[in-house]
Amino acid sequence: MATTLSFSKFSMASTVYPGSKEVKEVKKLSYANSMAPEKVEIFKSMEGWARDSILPLLKPVEKSWQPTDMLPDSESDGFIEQIIELRERTKEIPDDCLVSLVGNMITEEALPTYQSRINGTEIYHDESGIDDTPWAIWTRAWSSEENRHGDLLNKYLYLSGRIDMKQVEKTIQYLIGTGMNFGFGENPYHLSIYTSFQERATFISHGNTARLAMQHGDSTLAKICGTIAADEKRHETAYSRIVGKLFEVDPDGTMVAFADMLKYRIAMPGQLMFDGQDMNLFDHYSNVATRLGVYTATDYINILEHLVSFWNVEKLVGLTSEAQMAQEFVCALPNRLRKMEERARARAVQAAAVPFSWLSNRSLAEEVSFIQGK
């Protein structure tokens, strides 16, 4: 699953750092909601539906793209020439676009943490490693599809010659080693809501990056990001269907879970990002992404409004008093966040230029490459 970009301070908890007290405090939020037996039974009752409605969204390996399909062919006699051509195209990509792309790639490369975290929930848990429940099958196959994203972006950036890959690799190792706070514990209701949001966010950010690449004449990067975005869209469809089904069979529990996730904001998985140098790396990276228009506070709000509409949240009736309160909170939240939107963007635009170790400590220019038509 990817990465995803966000405006910190607005759509997530403040950034915290490896081994700090704040990491431990944030993680306490995640384990407060274990799975009640009756909720487990709901997911078990949905297994037949999941086989028919979710598993078909996976693509067979033989019909799937692979990273080598979009990169220079190492077996070709013209391999070196292809690399030279790729490097020529990447010369036109501004540094701010590269920073945004690196941040996307780093969170994609942290896939082992996503896999283990999802596998830690009772429903999606794959006890033997080859369990045949639709939830276990989905998790393994989804991970295998996602694995290609980090591989592809990593190879592209390496071949570009524009990035200090050692610093990038250190950032990936720090992120996987530190762990990630996703805002959910063993509750697969929370998990499904989180991944619905995140998969749509990565679809948006990769799609916007593809448009930036085209504006700067790099058709290879545009194809790479567009292909990844298509994957994320399919995965968003799956998780959104799961939550939609949960609203059908347990509207009260699902409504409360949705509100719970939003009260803590949807925490972006890369918020603990660290490169060994910059203690505010995620904030700086998020500011760049916001200024570019790759992923912004507006996108966060739009995703929320989309999910509220897709799941018909406003039309739910007959809810318990607790669920009604949750419904009112969720439906009012987009307008509340709109009032903060301009301030969030202003903070990002006014942020000072900082050096990035990923760029061999080059500082970004004050001018940024906005996405046209954004």
# chains A, B, ... in the order shown; residues from 1 in each chain; ligands from 1

$ closest_atom_pairs --of "region 111-229 of chain A" --to "region 350-363 of chain A" --cutoff "8 Å" --atoms "only C-alpha atoms" --output "CSV"
residue,atom,partner,partner_atom,distance
A:Arg162,CA,A:Leu359,CA,7.3
A:Ile163,CA,A:Leu359,CA,5.4
A:Asp164,CA,A:Trp358,CA,5.0
A:Met165,CA,A:Trp358,CA,6.9
A:Gln167,CA,A:Trp358,CA,5.6
A:Val168,CA,A:Trp358,CA,5.8

$ residues_around --residues "Ile176 (chain A)" --least-positions-apart "6" --cutoff "9 Å" --atoms "only C-alpha atoms" --output "MDAnalysis selection string"
chainID A and resid 109:113

$ write_last_selection --atoms "N, CA and C atoms" --output "mmCIF file, in the first residue's frame"
data_model
loop_
_atom_site.group_PDB
_atom_site.id
_atom_site.type_symbol
_atom_site.label_atom_id
_atom_site.label_comp_id
_atom_site.auth_asym_id
_atom_site.auth_seq_id
_atom_site.Cartn_x
_atom_site.Cartn_y
_atom_site.Cartn_z
ATOM 1 N N GLU A 109 8.055 0.947 0.209
ATOM 2 C CA GLU A 109 9.071 -0.041 0.568
ATOM 3 C C GLU A 109 8.898 -0.568 1.994
ATOM 4 N N ALA A 110 8.079 0.115 2.782
ATOM 5 C CA ALA A 110 7.834 -0.346 4.150
ATOM 6 C C ALA A 110 6.747 -1.405 4.205
ATOM 7 N N LEU A 111 6.490 -2.065 3.094
ATOM 8 C CA LEU A 111 5.435 -3.075 2.992
ATOM 9 C C LEU A 111 5.506 -4.157 4.078
ATOM 10 N N PRO A 112 6.698 -4.634 4.485
ATOM 11 C CA PRO A 112 6.721 -5.666 5.539
ATOM 12 C C PRO A 112 5.959 -5.256 6.792
ATOM 13 N N THR A 113 5.978 -3.960 7.121
ATOM 14 C CA THR A 113 5.252 -3.502 8.302
ATOM 15 C C THR A 113 3.758 -3.543 8.059
#

$ closest_residue --among "A:Tyr158, A:Phe197, A:Phe258, A:Trp49" --to "Lys233 (chain A)" --atoms "only C-alpha atoms"
A:Phe197

$ residues_around --residues "Gln215 (chain A)" --least-positions-apart "2" --cutoff "12 Å" --atoms "only C-alpha atoms" --output "JSON, numbers by chain"
{"A": [89, 92, 93, 94, 97, 208, 209, 210, 211, 212, 213, 217, 218, 219, 221, 222, 369, 370, 371, 372, 373]}

$ write_last_selection --atoms "N, CA, C and O atoms" --output "PDB file, in the first residue's frame"
ATOM      1  N   ARG A  89      15.981  12.143 -19.548  1.00  0.00           N
ATOM      2  CA  ARG A  89      14.608  12.570 -19.258  1.00  0.00           C
ATOM      3  C   ARG A  89      14.475  13.056 -17.816  1.00  0.00           C
ATOM      4  O   ARG A  89      13.783  14.037 -17.545  1.00  0.00           O
ATOM      5  N   GLU A  92      15.035  16.759 -16.353  1.00  0.00           N
ATOM      6  CA  GLU A  92      14.014  17.804 -16.398  1.00  0.00           C
ATOM      7  C   GLU A  92      13.085  17.767 -15.189  1.00  0.00           C
ATOM      8  O   GLU A  92      12.254  18.659 -15.013  1.00  0.00           O
ATOM      9  N   ILE A  93      13.196  16.726 -14.376  1.00  0.00           N
ATOM     10  CA  ILE A  93      12.330  16.611 -13.198  1.00  0.00           C
ATOM     11  C   ILE A  93      12.888  17.483 -12.083  1.00  0.00           C
ATOM     12  O   ILE A  93      14.015  17.277 -11.637  1.00  0.00           O
ATOM     13  N   PRO A  94      12.134  18.472 -11.578  1.00  0.00           N
ATOM     14  CA  PRO A  94      12.623  19.342 -10.503  1.00  0.00           C
ATOM     15  C   PRO A  94      12.869  18.578  -9.208  1.00  0.00           C
ATOM     16  O   PRO A  94      12.275  17.523  -8.966  1.00  0.00           O
ATOM     17  N   CYS A  97       9.825  17.610  -7.059  1.00  0.00           N
ATOM     18  CA  CYS A  97       9.106  16.428  -7.540  1.00  0.00           C
ATOM     19  C   CYS A  97       9.815  15.150  -7.093  1.00  0.00           C
ATOM     20  O   CYS A  97       9.170  14.157  -6.731  1.00  0.00           O
ATOM     21  N   ASN A 208      -1.393  12.191  -9.369  1.00  0.00           N
ATOM     22  CA  ASN A 208      -0.899  13.556  -9.494  1.00  0.00           C
ATOM     23  C   ASN A 208       0.573  13.584  -9.876  1.00  0.00           C
ATOM     24  O   ASN A 208       1.014  14.452 -10.646  1.00  0.00           O
ATOM     25  N   THR A 209       1.348  12.652  -9.346  1.00  0.00           N
ATOM     26  CA  THR A 209       2.764  12.575  -9.715  1.00  0.00           C
ATOM     27  C   THR A 209       2.912  12.225 -11.188  1.00  0.00           C
ATOM     28  O   THR A 209       3.811  12.736 -11.875  1.00  0.00           O
ATOM     29  N   ALA A 210       2.044  11.362 -11.696  1.00  0.00           N
ATOM     30  CA  ALA A 210       2.082  11.020 -13.121  1.00  0.00           C
ATOM     31  C   ALA A 210       1.846  12.262 -13.976  1.00  0.00           C
ATOM     32  O   ALA A 210       2.513  12.465 -15.003  1.00  0.00           O
ATOM     33  N   ARG A 211       0.909  13.117 -13.564  1.00  0.00           N
ATOM     34  CA  ARG A 211       0.645  14.345 -14.319  1.00  0.00           C
ATOM     35  C   ARG A 211       1.836  15.303 -14.266  1.00  0.00           C
ATOM     36  O   ARG A 211       2.174  15.952 -15.267  1.00  0.00           O
ATOM     37  N   LEU A 212       2.482  15.385 -13.113  1.00  0.00           N
ATOM     38  CA  LEU A 212       3.686  16.206 -13.012  1.00  0.00           C
ATOM     39  C   LEU A 212       4.779  15.696 -13.950  1.00  0.00           C
ATOM     40  O   LEU A 212       5.463  16.482 -14.609  1.00  0.00           O
ATOM     41  N   ALA A 213       4.950  14.377 -13.988  1.00  0.00           N
ATOM     42  CA  ALA A 213       5.980  13.787 -14.851  1.00  0.00           C
ATOM     43  C   ALA A 213       5.723  14.126 -16.314  1.00  0.00           C
ATOM     44  O   ALA A 213       6.653  14.452 -17.061  1.00  0.00           O
ATOM     45  N   GLY A 217       7.972  16.168 -19.212  1.00  0.00           N
ATOM     46  CA  GLY A 217       8.462  15.396 -20.346  1.00  0.00           C
ATOM     47  C   GLY A 217       9.020  14.026 -20.052  1.00  0.00           C
ATOM     48  O   GLY A 217       9.715  13.457 -20.897  1.00  0.00           O
ATOM     49  N   ASP A 218       8.711  13.457 -18.878  1.00  0.00           N
ATOM     50  CA  ASP A 218       9.221  12.119 -18.556  1.00  0.00           C
ATOM     51  C   ASP A 218       8.076  11.115 -18.683  1.00  0.00           C
ATOM     52  O   ASP A 218       7.352  10.848 -17.725  1.00  0.00           O
ATOM     53  N   SER A 219       7.929  10.552 -19.869  1.00  0.00           N
ATOM     54  CA  SER A 219       6.832   9.619 -20.121  1.00  0.00           C
ATOM     55  C   SER A 219       7.015   8.314 -19.350  1.00  0.00           C
ATOM     56  O   SER A 219       6.029   7.658 -18.996  1.00  0.00           O
ATOM     57  N   LEU A 221       8.319   7.926 -16.240  1.00  0.00           N
ATOM     58  CA  LEU A 221       7.838   8.137 -14.877  1.00  0.00           C
ATOM     59  C   LEU A 221       6.320   8.279 -14.857  1.00  0.00           C
ATOM     60  O   LEU A 221       5.658   7.788 -13.942  1.00  0.00           O
ATOM     61  N   ALA A 222       5.774   8.943 -15.855  1.00  0.00           N
ATOM     62  CA  ALA A 222       4.313   9.083 -15.915  1.00  0.00           C
ATOM     63  C   ALA A 222       3.643   7.718 -16.013  1.00  0.00           C
ATOM     64  O   ALA A 222       2.637   7.451 -15.349  1.00  0.00           O
ATOM     65  N   SER A 369       6.844  23.249  -8.561  1.00  0.00           N
ATOM     66  CA  SER A 369       6.207  22.868  -9.830  1.00  0.00           C
ATOM     67  C   SER A 369       4.764  22.428  -9.580  1.00  0.00           C
ATOM     68  O   SER A 369       4.503  21.250  -9.434  1.00  0.00           O
ATOM     69  N   PHE A 370       3.859  23.375  -9.488  1.00  0.00           N
ATOM     70  CA  PHE A 370       2.471  23.029  -9.235  1.00  0.00           C
ATOM     71  C   PHE A 370       1.894  22.201 -10.376  1.00  0.00           C
ATOM     72  O   PHE A 370       2.255  22.367 -11.531  1.00  0.00           O
ATOM     73  N   ILE A 371       0.987  21.318 -10.029  1.00  0.00           N
ATOM     74  CA  ILE A 371       0.291  20.534 -11.039  1.00  0.00           C
ATOM     75  C   ILE A 371      -0.731  21.424 -11.725  1.00  0.00           C
ATOM     76  O   ILE A 371      -1.604  21.999 -11.080  1.00  0.00           O
ATOM     77  N   GLN A 372      -0.612  21.547 -13.015  1.00  0.00           N
ATOM     78  CA  GLN A 372      -1.538  22.386 -13.757  1.00  0.00           C
ATOM     79  C   GLN A 372      -2.934  21.797 -13.720  1.00  0.00           C
ATOM     80  O   GLN A 372      -3.120  20.596 -13.855  1.00  0.00           O
ATOM     81  N   GLY A 373      -3.903  22.671 -13.462  1.00  0.00           N
ATOM     82  CA  GLY A 373      -5.282  22.218 -13.423  1.00  0.00           C
ATOM     83  C   GLY A 373      -5.675  21.594 -12.103  1.00  0.00           C
ATOM     84  O   GLY A 373      -6.787  21.130 -11.952  1.00  0.00           O
TER      85      GLY A 373
END

$ closest_atom_pairs --of "region 148-191 of chain A" --to "region 81-85 of chain A" --cutoff "10 Å" --atoms "only C-alpha atoms" --output "CSV"
residue,atom,partner,partner_atom,distance
A:Tyr156,CA,A:Ile83,CA,9.8
A:Leu159,CA,A:Ile83,CA,6.7
A:Ser160,CA,A:Ile83,CA,7.9
A:Gly161,CA,A:Ile83,CA,9.8

$ write_last_selection --atoms "all heavy atoms" --output "JSON list (two decimals), in the first residue's frame"
[["chain", "number", "residue", "atom", "x", "y", "z"],
["A", 156, "TYR", "N", 13.80, 2.83, -10.53],
["A", 156, "TYR", "CA", 13.76, 4.04, -11.35],
["A", 156, "TYR", "C", 14.64, 5.13, -10.74],
["A", 156, "TYR", "O", 15.45, 5.76, -11.44],
["A", 156, "TYR", "CB", 12.32, 4.54, -11.50],
["A", 156, "TYR", "CG", 12.23, 5.93, -12.09],
["A", 156, "TYR", "CD1", 12.23, 6.12, -13.47],
["A", 156, "TYR", "CD2", 12.16, 7.05, -11.26],
["A", 156, "TYR", "CE1", 12.18, 7.40, -14.01],
["A", 156, "TYR", "CE2", 12.10, 8.33, -11.79],
["A", 156, "TYR", "CZ", 12.11, 8.49, -13.17],
["A", 156, "TYR", "OH", 12.06, 9.76, -13.69],
["A", 159, "LEU", "N", 18.38, 4.33, -11.07],
["A", 159, "LEU", "CA", 18.90, 4.51, -12.41],
["A", 159, "LEU", "C", 18.95, 5.99, -12.82],
["A", 159, "LEU", "O", 19.75, 6.37, -13.68],
["A", 159, "LEU", "CB", 18.04, 3.74, -13.42],
["A", 159, "LEU", "CG", 18.10, 2.21, -13.33],
["A", 159, "LEU", "CD1", 17.09, 1.58, -14.27],
["A", 159, "LEU", "CD2", 19.51, 1.70, -13.64],
["A", 160, "SER", "N", 18.12, 6.81, -12.19],
["A", 160, "SER", "CA", 18.08, 8.23, -12.57],
["A", 160, "SER", "C", 19.39, 8.95, -12.26],
["A", 160, "SER", "O", 19.73, 9.94, -12.92],
["A", 160, "SER", "CB", 16.94, 8.94, -11.85],
["A", 160, "SER", "OG", 17.27, 9.19, -10.48],
["A", 161, "GLY", "N", 20.10, 8.49, -11.24],
["A", 161, "GLY", "CA", 21.34, 9.16, -10.85],
["A", 161, "GLY", "C", 21.12, 10.50, -10.16],
["A", 161, "GLY", "O", 22.08, 11.24, -9.93]]

$ residues_around --residues "Gln324 (chain A)" --least-positions-apart "2" --cutoff "12 Å" --atoms "only C-alpha atoms" --output "number ranges by chain"
A: 251-256, 258-259, 313-322, 326-331

$ closest_residue --among "A:Glu146, A:Asp126, A:Asp283, A:Asp95" --to "Thr227 (chain A)" --atoms "only C-alpha atoms"
A:Glu146

$ select_by_dssp --residues "region 104-226 of chain A" --states "alpha helix (DSSP H)" --output "ChimeraX atom specification"
/A:104-109,111-119,134-160,165-178,188-215,219-226

$ write_last_selection --atoms "C-alpha atoms" --output "tab-separated table (two decimals), in the first residue's frame"
chain	number	residue	atom	x	y	z
A	104	ASN	CA	6.10	7.82	-1.88
A	105	MET	CA	8.66	5.15	-2.59
A	106	ILE	CA	9.89	4.94	1.02
A	107	THR	CA	6.42	4.25	2.36
A	108	GLU	CA	5.83	1.71	-0.42
A	109	GLU	CA	9.07	-0.04	0.57
A	111	LEU	CA	5.43	-3.08	2.99
A	112	PRO	CA	6.72	-5.67	5.54
A	113	THR	CA	5.25	-3.50	8.30
A	114	TYR	CA	1.88	-3.22	6.57
A	115	GLN	CA	1.75	-6.97	6.07
A	116	SER	CA	2.62	-7.79	9.67
A	117	ARG	CA	0.23	-5.18	11.05
A	118	ILE	CA	-2.72	-6.44	9.02
A	119	ASN	CA	-1.82	-10.01	9.86
A	134	PRO	CA	-10.63	-15.33	1.87
A	135	TRP	CA	-9.19	-12.78	4.31
A	136	ALA	CA	-5.81	-14.54	4.49
A	137	ILE	CA	-5.76	-15.13	0.73
A	138	TRP	CA	-6.53	-11.47	0.10
A	139	THR	CA	-3.82	-10.22	2.48
A	140	ARG	CA	-1.09	-12.36	0.92
A	141	ALA	CA	-2.07	-11.56	-2.66
A	142	TRP	CA	-2.62	-7.86	-1.93
A	143	SER	CA	0.87	-7.71	-0.40
A	144	SER	CA	2.37	-9.43	-3.43
A	145	GLU	CA	0.75	-6.88	-5.73
A	146	GLU	CA	1.86	-3.95	-3.58
A	147	ASN	CA	5.42	-5.28	-3.37
A	148	ARG	CA	6.01	-4.32	-6.99
A	149	HIS	CA	5.41	-0.63	-6.30
A	150	GLY	CA	8.42	-0.07	-4.10
A	151	ASP	CA	10.59	-2.24	-6.34
A	152	LEU	CA	9.68	-0.23	-9.42
A	153	LEU	CA	10.11	3.22	-7.90
A	154	ASN	CA	13.36	2.20	-6.20
A	155	LYS	CA	14.90	0.98	-9.44
A	156	TYR	CA	13.76	4.04	-11.35
A	157	LEU	CA	15.26	6.43	-8.79
A	158	TYR	CA	18.48	4.43	-8.65
A	159	LEU	CA	18.90	4.51	-12.41
A	160	SER	CA	18.08	8.23	-12.57
A	165	MET	CA	20.21	6.18	-2.61
A	166	LYS	CA	22.19	5.34	0.52
A	167	GLN	CA	20.30	8.00	2.44
A	168	VAL	CA	17.03	6.73	1.00
A	169	GLU	CA	17.89	3.16	1.99
A	170	LYS	CA	18.73	4.30	5.52
A	171	THR	CA	15.36	6.05	5.74
A	172	ILE	CA	13.58	2.84	4.70
A	173	GLN	CA	15.47	0.83	7.30
A	174	TYR	CA	14.70	3.37	10.02
A	175	LEU	CA	11.01	3.37	9.11
A	176	ILE	CA	10.61	-0.41	9.10
A	177	GLY	CA	12.70	-0.76	12.26
A	178	THR	CA	10.85	1.96	14.16
A	188	PRO	CA	-10.60	-5.18	11.49
A	189	TYR	CA	-13.41	-2.62	11.23
A	190	HIS	CA	-10.77	0.05	11.88
A	191	LEU	CA	-8.35	-1.69	9.54
A	192	SER	CA	-10.81	-1.79	6.65
A	193	ILE	CA	-11.74	1.88	7.10
A	194	TYR	CA	-8.07	2.87	7.30
A	195	THR	CA	-7.08	0.98	4.18
A	196	SER	CA	-10.08	2.32	2.24
A	197	PHE	CA	-8.83	5.81	3.00
A	198	GLN	CA	-5.15	5.05	2.40
A	199	GLU	CA	-5.61	3.25	-0.89
A	200	ARG	CA	-7.60	6.19	-2.25
A	201	ALA	CA	-4.94	8.60	-0.96
A	202	THR	CA	-2.17	6.70	-2.74
A	203	PHE	CA	-4.28	6.53	-5.90
A	204	ILE	CA	-4.54	10.32	-5.80
A	205	SER	CA	-0.88	11.01	-4.99
A	206	HIS	CA	0.49	8.64	-7.65
A	207	GLY	CA	-1.96	9.98	-10.21
A	208	ASN	CA	-0.90	13.56	-9.49
A	209	THR	CA	2.76	12.57	-9.72
A	210	ALA	CA	2.08	11.02	-13.12
A	211	ARG	CA	0.64	14.35	-14.32
A	212	LEU	CA	3.69	16.21	-13.01
A	213	ALA	CA	5.98	13.79	-14.85
A	214	MET	CA	4.13	14.40	-18.11
A	215	GLN	CA	4.41	18.16	-17.65
A	219	SER	CA	6.83	9.62	-20.12
A	220	THR	CA	8.52	6.71	-18.33
A	221	LEU	CA	7.84	8.14	-14.88
A	222	ALA	CA	4.31	9.08	-15.91
A	223	LYS	CA	3.65	5.49	-16.97
A	224	ILE	CA	5.17	4.13	-13.76
A	225	CYS	CA	3.05	6.32	-11.48
A	226	GLY	CA	-0.08	5.85	-13.58

$ atom_distance --atom1 "CA of Arg338 (chain A)" --atom2 "CA of Leu246 (chain A)"
28.2 Å

$ closest_residue --among "A:His284, A:His306, A:His125, A:Lys63" --to "Glu236 (chain A)" --atoms "only C-alpha atoms"
A:His306

$ residues_around --residues "Trp311 (chain A)" --least-positions-apart "2" --cutoff "8 Å" --atoms "only C-alpha atoms" --output "JSON, numbers by chain"
{"A": [243, 244, 247, 307, 308, 309, 313]}

$ atom_distance --atom1 "CA of Gly120 (chain A)" --atom2 "CA of Leu57 (chain A)"
22.9 Å

$ atom_distance --atom1 "CA of Arg87 (chain A)" --atom2 "CA of Ser74 (chain A)"
15.4 Å
